[in-house]
file upload06.tsv (TSV, C-alpha atoms)
chain	number	residue	atom	x	y	z
A	1251	MET	CA	0.00	0.00	0.00
A	1252	SER	CA	3.05	2.29	0.00
A	1253	PHE	CA	2.28	3.82	-3.37
A	1254	HIS	CA	-1.14	4.90	-2.10
A	1255	SER	CA	0.41	7.40	0.31
A	1256	LYS	CA	-1.66	10.26	-1.12
A	1257	ILE	CA	-4.93	8.70	-0.03
A	1258	SER	CA	-6.53	10.48	2.90
A	1259	ALA	CA	-7.10	8.87	6.25
A	1260	GLN	CA	-10.82	8.87	5.62
A	1261	SER	CA	-10.44	6.96	2.39
A	1262	LEU	CA	-8.21	4.47	4.12
A	1263	ARG	CA	-10.88	3.92	6.73
A	1264	LEU	CA	-13.44	3.45	4.00
A	1265	MET	CA	-11.25	0.94	2.24
A	1266	ARG	CA	-10.76	-0.94	5.47
A	1267	SER	CA	-14.49	-1.11	6.12
A	1268	LEU	CA	-15.07	-2.22	2.55
A	1269	ARG	CA	-12.52	-4.95	3.05
A	1270	ASN	CA	-14.33	-6.10	6.16
A	1271	LEU	CA	-17.56	-6.00	4.18
A	1272	ARG	CA	-16.01	-8.09	1.47
A	1273	LEU	CA	-14.88	-10.66	4.03
A	1274	GLY	CA	-18.39	-10.67	5.44
A	1275	ILE	CA	-19.85	-11.31	2.00
A	1276	CYS	CA	-17.23	-14.01	1.44
A	1277	VAL	CA	-18.51	-15.81	4.52
A	1278	GLN	CA	-22.10	-15.41	3.37
A	1279	ALA	CA	-21.26	-16.76	-0.07
A	1280	ARG	CA	-19.76	-19.84	1.49
A	1281	LEU	CA	-22.81	-20.33	3.70
A	1282	PHE	CA	-25.16	-20.05	0.75
A	1283	SER	CA	-23.28	-22.58	-1.30
A	1284	ARG	CA	-23.33	-25.00	1.62
A	1285	ALA	CA	-27.10	-24.62	1.82
A	1286	ALA	CA	-27.30	-26.47	-1.53
A	1287	PRO	CA	-30.20	-24.55	-3.10
A	1288	LEU	CA	-31.04	-27.39	-5.47
A	1289	PHE	CA	-32.41	-29.56	-2.67
A	1290	ARG	CA	-36.13	-29.06	-2.23
A	1291	PRO	CA	-37.89	-30.65	0.70
A	1292	PRO	CA	-41.29	-32.23	0.14
A	1293	SER	CA	-44.18	-29.85	0.67
A	1294	SER	CA	-45.30	-29.26	4.24
A	1295	THR	CA	-48.86	-29.38	2.98
A	1296	VAL	CA	-49.62	-33.05	2.58
A	1297	ALA	CA	-51.90	-34.05	-0.26
A	1298	GLY	CA	-55.49	-34.02	0.92
A	1299	THR	CA	-55.10	-31.08	3.28
A	1300	ILE	CA	-58.14	-28.84	3.05
A	1301	MET	CA	-57.26	-25.17	2.66
A	1302	LYS	CA	-59.81	-23.68	5.00
A	1303	GLY	CA	-61.13	-20.27	4.21
A	1304	LEU	CA	-60.25	-20.15	0.55
A	1305	SER	CA	-63.69	-20.89	-0.82
A	1306	ILE	CA	-65.15	-17.55	-1.81
A	1307	HIS	CA	-68.08	-18.93	-3.76
A	1308	LYS	CA	-71.17	-20.41	-2.19
A	1309	ASN	CA	-71.61	-24.15	-2.52
A	1310	GLU	CA	-67.97	-24.55	-3.47
A	1311	PRO	CA	-65.84	-26.52	-1.04
A	1312	ASP	CA	-62.45	-25.33	0.15
A	1313	PRO	CA	-59.68	-26.32	-2.25
A	1314	VAL	CA	-57.81	-29.50	-1.37
A	1315	ALA	CA	-54.07	-29.89	-1.69
A	1316	LYS	CA	-52.93	-32.22	-4.45
A	1317	GLU	CA	-49.86	-34.43	-4.64
A	1318	ASP	CA	-46.53	-32.63	-5.03
A	1319	ASN	CA	-46.02	-33.83	-8.58
A	1320	GLU	CA	-49.44	-32.63	-9.70
A	1321	TYR	CA	-48.35	-29.03	-9.35
A	1322	PRO	CA	-46.32	-27.36	-12.12
A	1323	ASP	CA	-42.55	-27.64	-11.78
A	1324	TRP	CA	-41.98	-23.90	-11.62
A	1325	LEU	CA	-43.93	-23.72	-8.37
A	1326	TRP	CA	-41.07	-25.31	-6.45
A	1327	THR	CA	-38.54	-22.85	-7.82
A	1328	LEU	CA	-40.37	-19.81	-6.47
A	1329	LEU	CA	-38.56	-19.83	-3.12
A	1330	ASP	CA	-35.07	-20.08	-4.58
A	1331	GLU	CA	-32.68	-17.23	-4.02
A	1332	THR	CA	-33.33	-14.87	-6.89
A	1333	LYS	CA	-30.09	-12.99	-6.67
A	1334	PRO	CA	-27.10	-15.01	-7.87
A	1335	VAL	CA	-24.48	-15.73	-5.23
A	1336	LEU	CA	-21.50	-13.70	-6.31
A	1337	GLU	CA	-17.85	-14.40	-5.72
A	1338	PRO	CA	-16.26	-11.64	-3.63
A	1339	THR	CA	-14.16	-10.45	-6.56
A	1340	GLU	CA	-17.25	-10.22	-8.71
A	1341	ILE	CA	-19.28	-8.14	-6.24
A	1342	TRP	CA	-17.19	-5.02	-6.68
A	1343	LYS	CA	-17.61	-5.30	-10.43
A	1344	GLN	CA	-21.38	-5.00	-10.05
A	1345	PRO	CA	-23.07	-1.63	-10.07
A	1346	PRO	CA	-23.12	0.02	-6.61
A	1347	SER	CA	-26.83	-0.70	-6.20
A	1348	VAL	CA	-26.02	-4.35	-5.60
A	1349	HIS	CA	-23.93	-3.70	-2.51
A	1350	ARG	CA	-25.08	-0.20	-1.61
A	1351	ARG	CA	-27.09	-0.97	1.48
A	1352	ALA	CA	-24.54	-3.38	2.89
A	1353	ARG	CA	-21.74	-0.92	2.21
A	1354	LYS	CA	-23.61	1.94	3.94
A	1355	GLN	CA	-24.32	-0.22	6.94
A	1356	SER	CA	-20.70	-1.26	7.14
A	1357	ILE	CA	-19.59	2.36	7.00
A	1358	ARG	CA	-22.02	3.35	9.72
A	1359	MET	CA	-20.86	0.57	11.97
A	1360	GLU	CA	-17.27	1.50	11.32
A	1361	ASN	CA	-18.04	5.12	12.22
A	1362	LEU	CA	-19.79	4.04	15.38
A	1363	ARG	CA	-16.88	1.85	16.29
A	1364	ARG	CA	-14.50	4.74	15.81
A	1365	LYS	CA	-16.60	7.06	17.97
A	1366	THR	CA	-16.74	4.79	20.99
B	1439	MET	CA	-67.05	18.73	-10.50
B	1440	SER	CA	-69.23	19.28	-13.54
B	1441	SER	CA	-71.60	16.47	-14.37
B	1442	SER	CA	-71.66	17.37	-18.04
B	1443	GLY	CA	-68.01	16.48	-18.61
B	1444	LEU	CA	-66.87	14.55	-21.63
B	1445	LYS	CA	-64.88	11.89	-19.80
B	1446	ASN	CA	-66.01	8.76	-18.04
B	1447	ALA	CA	-65.44	8.78	-14.31
B	1448	LEU	CA	-63.92	5.76	-12.63
B	1449	VAL	CA	-64.85	4.90	-9.09
B	1450	LYS	CA	-63.06	2.12	-7.22
B	1451	LEU	CA	-64.79	0.59	-4.25
B	1452	VAL	CA	-64.41	-2.48	-2.09
B	1453	VAL	CA	-67.87	-3.79	-1.25
B	1454	PRO	CA	-68.88	-6.87	0.75
B	1455	ALA	CA	-70.48	-9.39	-1.57
B	1456	GLY	CA	-74.27	-9.31	-1.51
B	1457	LYS	CA	-74.32	-6.53	1.04
B	1458	ALA	CA	-74.13	-3.37	-1.00
B	1459	THR	CA	-76.31	-0.64	0.45
B	1460	PRO	CA	-74.97	1.60	3.15
B	1461	THR	CA	-74.63	5.31	2.70
B	1462	PRO	CA	-71.13	5.85	3.99
B	1463	PRO	CA	-69.03	3.98	1.44
B	1464	ILE	CA	-71.19	3.79	-1.65
B	1465	GLY	CA	-73.84	6.50	-1.43
B	1466	PRO	CA	-71.68	9.63	-1.54
B	1467	ALA	CA	-69.12	8.13	-3.94
B	1468	LEU	CA	-71.75	7.40	-6.56
B	1469	GLY	CA	-74.23	10.09	-5.65
B	1470	ALA	CA	-71.66	12.78	-6.21
B	1471	ARG	CA	-71.39	11.61	-9.80
B	1472	GLY	CA	-75.11	11.48	-10.40
B	1473	VAL	CA	-75.69	7.75	-10.12
B	1474	LYS	CA	-78.41	6.33	-7.91
B	1475	SER	CA	-76.69	4.09	-5.44
B	1476	ILE	CA	-79.78	1.88	-5.13
B	1477	ASP	CA	-79.50	0.90	-8.77
B	1478	PHE	CA	-75.88	0.00	-8.38
B	1479	CYS	CA	-76.53	-1.97	-5.20
B	1480	LYS	CA	-79.24	-4.06	-6.86
B	1481	GLU	CA	-77.02	-4.94	-9.79
B	1482	PHE	CA	-74.00	-5.56	-7.61
B	1483	ASN	CA	-75.84	-7.84	-5.22
B	1484	ALA	CA	-77.27	-9.78	-8.13
B	1485	SER	CA	-73.89	-10.38	-9.72
B	1486	THR	CA	-72.23	-11.33	-6.43
B	1487	ALA	CA	-75.00	-13.70	-5.42
B	1488	SER	CA	-72.73	-16.67	-6.05
B	1489	PHE	CA	-70.13	-15.40	-3.58
B	1490	VAL	CA	-70.08	-16.18	0.10
B	1491	PRO	CA	-71.82	-13.17	1.66
B	1492	GLY	CA	-69.49	-10.62	3.16
B	1493	VAL	CA	-66.42	-11.42	1.07
B	1494	PRO	CA	-64.84	-8.07	0.13
B	1495	ILE	CA	-65.15	-7.55	-3.60
B	1496	PRO	CA	-63.22	-4.77	-5.26
B	1497	CYS	CA	-65.17	-3.27	-8.10
B	1498	LYS	CA	-64.49	-0.58	-10.63
B	1499	ILE	CA	-67.47	1.48	-11.69
B	1500	THR	CA	-67.27	3.44	-14.91
B	1501	ILE	CA	-69.72	6.32	-15.00
B	1502	THR	CA	-70.49	7.94	-18.33
B	1503	PRO	CA	-71.33	11.63	-18.67
B	1504	LYS	CA	-74.91	10.53	-19.25
B	1505	ARG	CA	-74.93	9.10	-15.71
B	1506	THR	CA	-75.19	5.49	-16.79
B	1507	PHE	CA	-72.75	3.07	-15.29
B	1508	THR	CA	-71.05	-0.23	-15.87
B	1509	PHE	CA	-68.85	-2.08	-13.41
B	1510	THR	CA	-66.38	-4.91	-13.29
B	1511	ILE	CA	-65.84	-7.26	-10.41
B	1512	HIS	CA	-62.47	-8.50	-9.20
B	1513	PRO	CA	-61.35	-11.24	-6.85
B	1514	PRO	CA	-60.94	-10.37	-3.17
B	1515	PRO	CA	-57.74	-8.58	-2.10
B	1516	THR	CA	-54.71	-10.86	-1.78
B	1517	SER	CA	-54.02	-9.70	1.76
B	1518	TRP	CA	-57.54	-10.64	2.82
B	1519	LEU	CA	-57.21	-14.11	1.30
B	1520	LEU	CA	-53.88	-14.69	3.02
B	1521	LEU	CA	-55.16	-13.51	6.40
B	1522	LYS	CA	-58.10	-15.85	6.08
B	1523	LEU	CA	-55.78	-18.76	5.33
B	1524	VAL	CA	-53.68	-18.01	8.37
B	1525	GLY	CA	-56.73	-17.31	10.52
B	1526	LYS	CA	-55.79	-13.81	11.63
B	1527	ASP	CA	-57.48	-10.42	11.46
B	1528	LYS	CA	-54.51	-8.20	10.89
B	1529	GLY	CA	-51.06	-8.46	9.42
B	1530	ALA	CA	-47.83	-8.13	11.38
B	1531	HIS	CA	-46.77	-4.78	12.82
B	1532	ALA	CA	-43.15	-5.36	11.91
B	1533	PRO	CA	-43.26	-7.75	8.94
B	1534	LYS	CA	-39.66	-8.89	8.72
B	1535	ASN	CA	-39.28	-9.42	12.45
B	1536	GLU	CA	-42.73	-10.66	13.31
B	1537	ILE	CA	-44.28	-13.74	11.76
B	1538	ILE	CA	-48.01	-14.18	12.19
B	1539	GLY	CA	-48.33	-17.50	10.39
B	1540	SER	CA	-46.99	-19.65	7.64
B	1541	ILE	CA	-48.20	-20.85	4.30
B	1542	SER	CA	-46.94	-23.38	1.84
B	1543	LEU	CA	-46.38	-23.00	-1.89
B	1544	LYS	CA	-49.52	-25.03	-2.51
B	1545	HIS	CA	-51.57	-22.39	-0.72
B	1546	VAL	CA	-49.84	-19.74	-2.81
B	1547	TYR	CA	-50.84	-21.65	-5.93
B	1548	GLU	CA	-54.49	-21.77	-4.93
B	1549	VAL	CA	-54.58	-18.09	-3.99
B	1550	ALA	CA	-52.97	-17.26	-7.33
B	1551	ASN	CA	-55.64	-19.34	-9.04
B	1552	ILE	CA	-58.32	-17.20	-7.46
B	1553	LYS	CA	-56.50	-13.99	-8.40
B	1554	SER	CA	-55.96	-15.11	-11.98
B	1555	LYS	CA	-59.65	-14.57	-12.67
B	1556	ASP	CA	-59.17	-10.85	-12.24
B	1557	PRO	CA	-60.03	-9.12	-15.52
B	1558	SER	CA	-57.06	-6.79	-15.14
B	1559	LEU	CA	-54.69	-9.74	-14.82
B	1560	GLN	CA	-55.64	-11.33	-18.12
B	1561	GLY	CA	-52.70	-12.84	-19.94
B	1562	ILE	CA	-50.31	-12.67	-17.00
B	1563	PRO	CA	-48.73	-16.09	-16.40
B	1564	LEU	CA	-49.72	-17.90	-13.21
B	1565	GLN	CA	-46.07	-18.00	-12.18
B	1566	SER	CA	-45.92	-14.19	-12.02
B	1567	ILE	CA	-49.13	-14.05	-10.02
B	1568	CYS	CA	-47.66	-16.58	-7.59
B	1569	LYS	CA	-44.60	-14.38	-7.18
B	1570	SER	CA	-46.70	-11.36	-6.28
B	1571	VAL	CA	-48.71	-13.43	-3.81
B	1572	ILE	CA	-45.44	-14.45	-2.15
B	1573	GLY	CA	-44.44	-10.78	-2.07
B	1574	SER	CA	-47.72	-9.84	-0.39
B	1575	ALA	CA	-47.29	-12.61	2.14
B	1576	ARG	CA	-43.81	-11.44	3.03
B	1577	SER	CA	-44.95	-7.86	3.49
B	1578	MET	CA	-47.59	-9.04	5.95
B	1579	GLY	CA	-45.34	-11.21	8.05
B	1580	ILE	CA	-46.56	-14.52	6.65
B	1581	LYS	CA	-43.79	-17.00	6.09
B	1582	VAL	CA	-43.85	-18.94	2.82
B	1583	THR	CA	-42.35	-22.42	2.97
B	1584	TYR	CA	-42.36	-25.52	0.84
call {"tool": "encode", "arguments": {"input": "upload06.tsv", "output": "structure tokens"}}
result
Amino acid sequence: MSFHSKISAQSLRLMRSLRNLRLGICVQARLFSRAAPLFRPPSSTVAGTIMKGLSIHKNEPDPVAKEDNEYPDWLWTLLDETKPVLEPTEIWKQPPSVHRRARKQSIRMENLRRKT
Amino acid sequence: MSSSGLKNALVKLVVPAGKATPTPPIGPALGARGVKSIDFCKEFNASTASFVPGVPIPCKITITPKRTFTFTIHPPPTSWLLLKLVGKDKGAHAPKNEIIGSISLKHVYEVANIKSKDPSLQGIPLQSICKSVIGSARSMGIKVTY
């Protein structure tokens, strides 16, 4: 870092907090990949469960849950993580909106840490 | 508000099925535009006769400058359907921290089926409707699981 001697102390602090953020994201990325998103547990609603309260028409019974394979395949993908899990090096190549909130929070915590 | 305008007026109301009458919600909204609320109530109650009484039905009333009206009926609000499934009256105060109940994807599918009959959702794939149901559930503090 010797050739960055013209960077102000504030920028150095920012870079340090960003580095901590990146490490944090690195840990998260590892956790996500361990969660194995391709595994889908069987539905908690067993086939034959009556969905009480969903009949809005008279003389129509409440809908009954069907077998898991009778539902369309895309239904089971709806709870997958929509945002791709990014490698730490890739995150800083994304537009700032991707990591904006996390970065702001990290800066705030860093500022708080420096105050106390 | 001139009643001899050239544009149709659009009034959106949520009315309990089969129970359209009272002055507070419907009377002033329609009366101010020159429509007799009794006429609307009769027609509305007739067309919602097949619904369980009391189910909230959003309807859009188009009022022409000649003071005639037509209306379309939509499925009940998603939040109401979800609350009914979970058995609660109100959603969570702090949705991400508080969970008032949980729902499975199969429930989401059935709710989306009901919503898909909405005339303004024509042509939207059921998958997209499911996604918005999940979004509504999350904003109310209802957990969606498999």
call {"tool": "residues_around", "arguments": {"input": "upload06.tsv", "residues": "segment 1556-1562 of chain B", "least_positions_apart": "2", "cutoff": "9 Å", "atoms": "only C-alpha atoms", "output": "PyMOL selection string"}}
result
chain B and resi 1510-1513+1552-1554+1564-1567
call {"tool": "closest_atom_pairs", "arguments": {"input": "upload06.tsv", "of": "chain A", "to": "chain B", "cutoff": "10 Å", "atoms": "all atoms listed in the file", "output": "tab-separated table"}}
result
residue	atom	partner	partner_atom	distance
A:Arg1290	CA	B:Tyr1584	CA	7.8
A:Pro1291	CA	B:Tyr1584	CA	6.8
A:Pro1292	CA	B:Tyr1584	CA	6.8
A:Ser1293	CA	B:Tyr1584	CA	4.7
A:Ser1294	CA	B:Tyr1584	CA	5.8
A:Thr1295	CA	B:Ser1542	CA	6.4
A:Val1296	CA	B:Lys1544	CA	9.5
A:Ala1297	CA	B:Lys1544	CA	9.6
A:Ile1300	CA	B:His1545	CA	9.9
A:Met1301	CA	B:Leu1523	CA	7.1
A:Lys1302	CA	B:Leu1523	CA	6.4
A:Gly1303	CA	B:Leu1523	CA	5.7
A:Leu1304	CA	B:Leu1523	CA	6.7
A:Ser1305	CA	B:Val1490	CA	8.0
A:Ile1306	CA	B:Val1490	CA	5.5
A:His1307	CA	B:Phe1489	CA	4.1
A:Lys1308	CA	B:Val1490	CA	4.9
A:Asn1309	CA	B:Ser1488	CA	8.3
A:Glu1310	CA	B:Val1490	CA	9.3
A:Pro1313	CA	B:Glu1548	CA	7.4
A:Val1314	CA	B:Glu1548	CA	9.1
A:Ala1315	CA	B:Lys1544	CA	6.7
A:Lys1316	CA	B:Lys1544	CA	8.2
A:Glu1317	CA	B:Lys1544	CA	9.6
A:Asp1318	CA	B:Lys1544	CA	8.5
A:Tyr1321	CA	B:Lys1544	CA	8.0
A:Pro1322	CA	B:Gln1565	CA	9.4
A:Trp1324	CA	B:Gln1565	CA	7.2
A:Leu1325	CA	B:Leu1543	CA	7.0
A:Trp1326	CA	B:Leu1543	CA	7.4
A:Thr1327	CA	B:Leu1543	CA	9.8
A:Leu1328	CA	B:Lys1569	CA	6.9
A:Leu1329	CA	B:Thr1583	CA	7.6
call {"tool": "closest_residue", "arguments": {"input": "upload06.tsv", "among": "A:Gly1298, A:Arg1353, A:Pro1346, A:Lys1365", "to": "Met1265 of chain A", "atoms": "all atoms listed in the file"}}
result
A:Arg1353
call {"tool": "atom_distance", "arguments": {"input": "upload06.tsv", "atom1": "atom CA of Asn1446 of chain B", "atom2": "atom CA of Thr1502 of chain B"}}
result
4.6 Å
call {"tool": "residues_around", "arguments": {"input": "upload06.tsv", "residues": "Val1449 of chain B", "least_positions_apart": "2", "cutoff": "12 Å", "atoms": "all atoms listed in the file", "output": "number ranges by chain"}}
result
B: 1446-1447, 1451-1452, 1463-1471, 1473, 1496-1502, 1507-1510
call {"tool": "atom_distance", "arguments": {"input": "upload06.tsv", "atom1": "atom CA of Ser1475 of chain B", "atom2": "atom CA of Thr1516 of chain B"}}
result
26.8 Å
call {"tool": "closest_residue", "arguments": {"input": "upload06.tsv", "among": "B:Lys1474, B:Lys1534, B:Lys1450, B:Arg1576", "to": "Ser1517 of chain B", "atoms": "all atoms listed in the file"}}
result
B:Arg1576
call {"tool": "atom_distance", "arguments": {"input": "upload06.tsv", "atom1": "atom CA of Ser1261 of chain A", "atom2": "atom CA of Ala1352 of chain A"}}
result
17.5 Å
call {"tool": "decode", "arguments": {"input": "upload06.tsv", "residues": "segment 1457-1500 of chain B", "atoms": "C-alpha atoms", "output": "short mmCIF file (atom, residue, chain, number, x, y, z; two decimals), in the first residue's frame"}}
result
data_model
loop_
_atom_site.label_atom_id
_atom_site.label_comp_id
_atom_site.auth_asym_id
_atom_site.auth_seq_id
_atom_site.Cartn_x
_atom_site.Cartn_y
_atom_site.Cartn_z
CA LYS B 1457 -74.32 -6.53 1.04
CA ALA B 1458 -74.13 -3.37 -1.00
CA THR B 1459 -76.31 -0.64 0.45
CA PRO B 1460 -74.97 1.60 3.15
CA THR B 1461 -74.63 5.31 2.70
CA PRO B 1462 -71.13 5.85 3.99
CA PRO B 1463 -69.03 3.98 1.44
CA ILE B 1464 -71.19 3.79 -1.65
CA GLY B 1465 -73.84 6.50 -1.43
CA PRO B 1466 -71.68 9.63 -1.54
CA ALA B 1467 -69.12 8.13 -3.94
CA LEU B 1468 -71.75 7.40 -6.56
CA GLY B 1469 -74.23 10.09 -5.65
CA ALA B 1470 -71.66 12.78 -6.21
CA ARG B 1471 -71.39 11.61 -9.80
CA GLY B 1472 -75.11 11.48 -10.40
CA VAL B 1473 -75.69 7.75 -10.12
CA LYS B 1474 -78.41 6.33 -7.91
CA SER B 1475 -76.69 4.09 -5.44
CA ILE B 1476 -79.78 1.88 -5.13
CA ASP B 1477 -79.50 0.90 -8.77
CA PHE B 1478 -75.88 0.00 -8.38
CA CYS B 1479 -76.53 -1.97 -5.20
CA LYS B 1480 -79.24 -4.06 -6.86
CA GLU B 1481 -77.02 -4.94 -9.79
CA PHE B 1482 -74.00 -5.56 -7.61
CA ASN B 1483 -75.84 -7.84 -5.22
CA ALA B 1484 -77.27 -9.78 -8.13
CA SER B 1485 -73.89 -10.38 -9.72
CA THR B 1486 -72.23 -11.33 -6.43
CA ALA B 1487 -75.00 -13.70 -5.42
CA SER B 1488 -72.73 -16.67 -6.05
CA PHE B 1489 -70.13 -15.40 -3.58
CA VAL B 1490 -70.08 -16.18 0.10
CA PRO B 1491 -71.82 -13.17 1.66
CA GLY B 1492 -69.49 -10.62 3.16
CA VAL B 1493 -66.42 -11.42 1.07
CA PRO B 1494 -64.84 -8.07 0.13
CA ILE B 1495 -65.15 -7.55 -3.60
CA PRO B 1496 -63.22 -4.77 -5.26
CA CYS B 1497 -65.17 -3.27 -8.10
CA LYS B 1498 -64.49 -0.58 -10.63
CA ILE B 1499 -67.47 1.48 -11.69
CA THR B 1500 -67.27 3.44 -14.91
#
